[in-house]
Amino acid sequence: MSITNKVHFKMMSLVHETLYGLFRDPYQALNAAGLKPGQKVLEVGCGPGFFTIPAARIVGEEGSVYALDINPLAVERVQQKIEQEGVTNVKTILADAVQTGLPDQSFDLIFVFGLAHPIGGMENILTELHRLLKPAGILSVEGRIWPPSELFHPVKRQGRIFQFRKNG
């Protein structure tokens with residue numbers, strides 16, 4: 001990993017782990033996304049894990065959270081948080097969101113927060129997320145991501161969080 005990528009991750013971590021929490025309630029965003037107890041959830045682009053532990057607490061011991069990132073420093077940081085918090089229902093995954101290697105129709109809900117400009121764009125990522133969602137599964141996104149209508153249809157908006165249901 002280049003020094004530039006390491007510095008970028010450290011800056012992002014600083015913002016997420018100190019300033020972000022002053023202005024943002026992860027539970028509010030995750031509730032708007034539709035997380036519920038017992039769900040199997042995928043977090044795409046987990047970064048330093050601002051949402052990961054709160055997501056694990058919402059889904060509870062009957063549920064699970066898979067925290068995915070392409071950056072090994074992100075996955076390492078989330079793994080540290082899991083161990084510090086004693087959380088047992090989170091699995092970290094080092095993978096590209098375009099080719100996760102996860103089984104078809106594995107998740108009740110997938111959320112994508114803060115993934116502004118992924119390399120290669122969102123089209124292939126959204127196709128992969130469609131494959132990973134169970135029938136009638138929910139994709140929750142923050143901001144300007146709008147998935148293609150042949151894959152998903154909108155069902156709810158709360159602030160900057162949009163929920164889409166899987167088609168087909």
# chains A, B, ... in the order shown; residues from 1 in each chain; ligands from 1
>>> residues_around(residues="Gln158 of chain A", least_positions_apart="3", cutoff="10 Å", atoms="only C-alpha atoms", output="number ranges by chain")
A: 28-29, 31-33, 142, 161-163
>>> write_last_selection(atoms="C-alpha atoms", output="mmCIF file, in the first residue's frame")
data_model
loop_
_atom_site.group_PDB
_atom_site.id
_atom_site.type_symbol
_atom_site.label_atom_id
_atom_site.label_comp_id
_atom_site.auth_asym_id
_atom_site.auth_seq_id
_atom_site.Cartn_x
_atom_site.Cartn_y
_atom_site.Cartn_z
ATOM 1 C CA GLN A 28 -30.126 7.342 13.704
ATOM 2 C CA ALA A 29 -28.616 6.673 10.253
ATOM 3 C CA ASN A 31 -32.383 3.009 11.872
ATOM 4 C CA ALA A 32 -33.225 5.138 8.809
ATOM 5 C CA ALA A 33 -31.475 2.470 6.715
ATOM 6 C CA GLU A 142 -26.662 7.693 1.691
ATOM 7 C CA ILE A 161 -30.803 7.850 3.628
ATOM 8 C CA PHE A 162 -32.698 6.132 0.806
ATOM 9 C CA GLN A 163 -34.023 2.571 0.934
#
>>> residues_around(residues="Val87 of chain A", least_positions_apart="4", cutoff="9 Å", atoms="only C-alpha atoms", output="PyMOL selection string")
chain A and resi 53+56-57+81-83
>>> atom_distance(atom1="atom CA of Ser140 of chain A", atom2="atom CA of Arg160 of chain A")
10.2 Å
>>> closest_residue(among="A:Gly49, A:Gly34, A:Gly159, A:Gly86", to="Tyr66 of chain A", atoms="only C-alpha atoms")
A:Gly49
>>> select_by_dssp(residues="segment 25-141 of chain A", states="strand (DSSP E or B)", output="PDB file with C-alpha atoms, in the first residue's frame")
ATOM      1  CA  LYS A  40     -27.906 -10.472   8.211  1.00  0.00           C
ATOM      2  CA  VAL A  41     -26.362  -7.187   7.031  1.00  0.00           C
ATOM      3  CA  LEU A  42     -23.507  -6.188   4.737  1.00  0.00           C
ATOM      4  CA  GLU A  43     -21.723  -2.869   5.272  1.00  0.00           C
ATOM      5  CA  VAL A  44     -20.000  -1.845   2.029  1.00  0.00           C
ATOM      6  CA  SER A  64     -24.785 -10.546  11.907  1.00  0.00           C
ATOM      7  CA  VAL A  65     -22.843  -7.774  10.206  1.00  0.00           C
ATOM      8  CA  TYR A  66     -20.263  -8.285   7.482  1.00  0.00           C
ATOM      9  CA  ALA A  67     -17.959  -5.250   7.278  1.00  0.00           C
ATOM     10  CA  LEU A  68     -16.361  -5.065   3.827  1.00  0.00           C
ATOM     11  CA  ASP A  69     -13.611  -2.768   2.601  1.00  0.00           C
ATOM     12  CA  VAL A  90     -19.255  -9.040  13.050  1.00  0.00           C
ATOM     13  CA  LYS A  91     -17.081 -10.535  10.330  1.00  0.00           C
ATOM     14  CA  THR A  92     -14.577  -8.378   8.461  1.00  0.00           C
ATOM     15  CA  ILE A  93     -13.960  -8.924   4.762  1.00  0.00           C
ATOM     16  CA  LEU A  94     -11.077  -7.564   2.719  1.00  0.00           C
ATOM     17  CA  ASP A  96     -13.479  -5.279  -3.709  1.00  0.00           C
ATOM     18  CA  GLN A  99     -16.338  -9.037  -6.629  1.00  0.00           C
ATOM     19  CA  PHE A 107     -28.175 -10.643   2.991  1.00  0.00           C
ATOM     20  CA  ASP A 108     -31.419  -9.140   4.242  1.00  0.00           C
ATOM     21  CA  LEU A 109     -30.022  -5.611   4.017  1.00  0.00           C
ATOM     22  CA  ILE A 110     -26.946  -3.936   2.561  1.00  0.00           C
ATOM     23  CA  PHE A 111     -25.951  -0.396   3.426  1.00  0.00           C
ATOM     24  CA  VAL A 112     -23.564   1.921   1.625  1.00  0.00           C
ATOM     25  CA  LEU A 133     -29.416  -9.484  -1.531  1.00  0.00           C
ATOM     26  CA  LYS A 134     -32.134 -11.984  -0.726  1.00  0.00           C
ATOM     27  CA  PRO A 135     -35.381 -11.647  -2.704  1.00  0.00           C
ATOM     28  CA  ALA A 136     -37.099  -8.417  -1.600  1.00  0.00           C
ATOM     29  CA  GLY A 137     -33.911  -7.424   0.261  1.00  0.00           C
ATOM     30  CA  ILE A 138     -33.158  -3.785   1.035  1.00  0.00           C
ATOM     31  CA  LEU A 139     -30.301  -1.665  -0.250  1.00  0.00           C
ATOM     32  CA  SER A 140     -29.838   1.497   1.834  1.00  0.00           C
ATOM     33  CA  VAL A 141     -27.652   4.272   0.519  1.00  0.00           C
TER      34      VAL A 141
END
>>> atom_distance(atom1="atom CA of Leu132 of chain A", atom2="atom CA of Ser106 of chain A")
5.4 Å
>>> atom_distance(atom1="atom CA of Val59 of chain A", atom2="atom CA of Leu35 of chain A")
6.7 Å
>>> closest_residue(among="A:Phe152, A:Phe23, A:Phe113, A:Phe51", to="Arg165 of chain A", atoms="only C-alpha atoms")
A:Phe152
>>> closest_residue(among="A:Asn89, A:Leu129, A:Ala74, A:Leu115", to="Gly101 of chain A", atoms="only C-alpha atoms")
A:Leu129
>>> closest_residue(among="A:Leu126, A:Val75, A:Ile58, A:Ile145", to="Gly45 of chain A", atoms="only C-alpha atoms")
A:Val75
>>> select_by_dssp(residues="segment 19-157 of chain A", states="alpha helix (DSSP H)", output="PyMOL selection string")
chain A and resi 20-23+26-33+52-59+72-85+123-132
>>> closest_residue(among="A:Thr100, A:Glu62, A:Asp25, A:Gly114", to="Pro48 of chain A", atoms="only C-alpha atoms")
A:Gly114
>>> decode(residues="segment 46-74 of chain A", atoms="C-alpha atoms", output="PDB file, in the first residue's frame")
ATOM      1  CA  CYS A  46     -16.802   0.135   6.240  1.00  0.00           C
ATOM      2  CA  GLY A  47     -13.765   2.420   6.502  1.00  0.00           C
ATOM      3  CA  PRO A  48     -12.610   2.719  10.115  1.00  0.00           C
ATOM      4  CA  GLY A  49     -15.901   1.284  11.362  1.00  0.00           C
ATOM      5  CA  PHE A  50     -17.977   4.270  12.502  1.00  0.00           C
ATOM      6  CA  PHE A  51     -21.198   2.351  11.753  1.00  0.00           C
ATOM      7  CA  THR A  52     -19.980  -1.228  12.299  1.00  0.00           C
ATOM      8  CA  ILE A  53     -20.314  -1.690  16.062  1.00  0.00           C
ATOM      9  CA  PRO A  54     -23.636   0.219  16.249  1.00  0.00           C
ATOM     10  CA  ALA A  55     -24.946  -1.960  13.380  1.00  0.00           C
ATOM     11  CA  ALA A  56     -23.882  -5.081  15.274  1.00  0.00           C
ATOM     12  CA  ARG A  57     -25.734  -3.874  18.366  1.00  0.00           C
ATOM     13  CA  ILE A  58     -28.911  -3.162  16.385  1.00  0.00           C
ATOM     14  CA  VAL A  59     -29.048  -6.589  14.704  1.00  0.00           C
ATOM     15  CA  GLY A  60     -28.145  -8.264  18.013  1.00  0.00           C
ATOM     16  CA  GLU A  61     -26.757 -11.714  18.652  1.00  0.00           C
ATOM     17  CA  GLU A  62     -29.383 -13.311  16.394  1.00  0.00           C
ATOM     18  CA  GLY A  63     -28.154 -11.169  13.505  1.00  0.00           C
ATOM     19  CA  SER A  64     -24.785 -10.546  11.907  1.00  0.00           C
ATOM     20  CA  VAL A  65     -22.843  -7.774  10.206  1.00  0.00           C
ATOM     21  CA  TYR A  66     -20.263  -8.285   7.482  1.00  0.00           C
ATOM     22  CA  ALA A  67     -17.959  -5.250   7.278  1.00  0.00           C
ATOM     23  CA  LEU A  68     -16.361  -5.065   3.827  1.00  0.00           C
ATOM     24  CA  ASP A  69     -13.611  -2.768   2.601  1.00  0.00           C
ATOM     25  CA  ILE A  70     -10.937  -2.877  -0.089  1.00  0.00           C
ATOM     26  CA  ASN A  71      -8.428  -1.146   2.197  1.00  0.00           C
ATOM     27  CA  PRO A  72      -6.508  -3.523   4.494  1.00  0.00           C
ATOM     28  CA  LEU A  73      -5.984  -0.712   7.039  1.00  0.00           C
ATOM     29  CA  ALA A  74      -9.754  -0.275   7.304  1.00  0.00           C
TER      30      ALA A  74
END
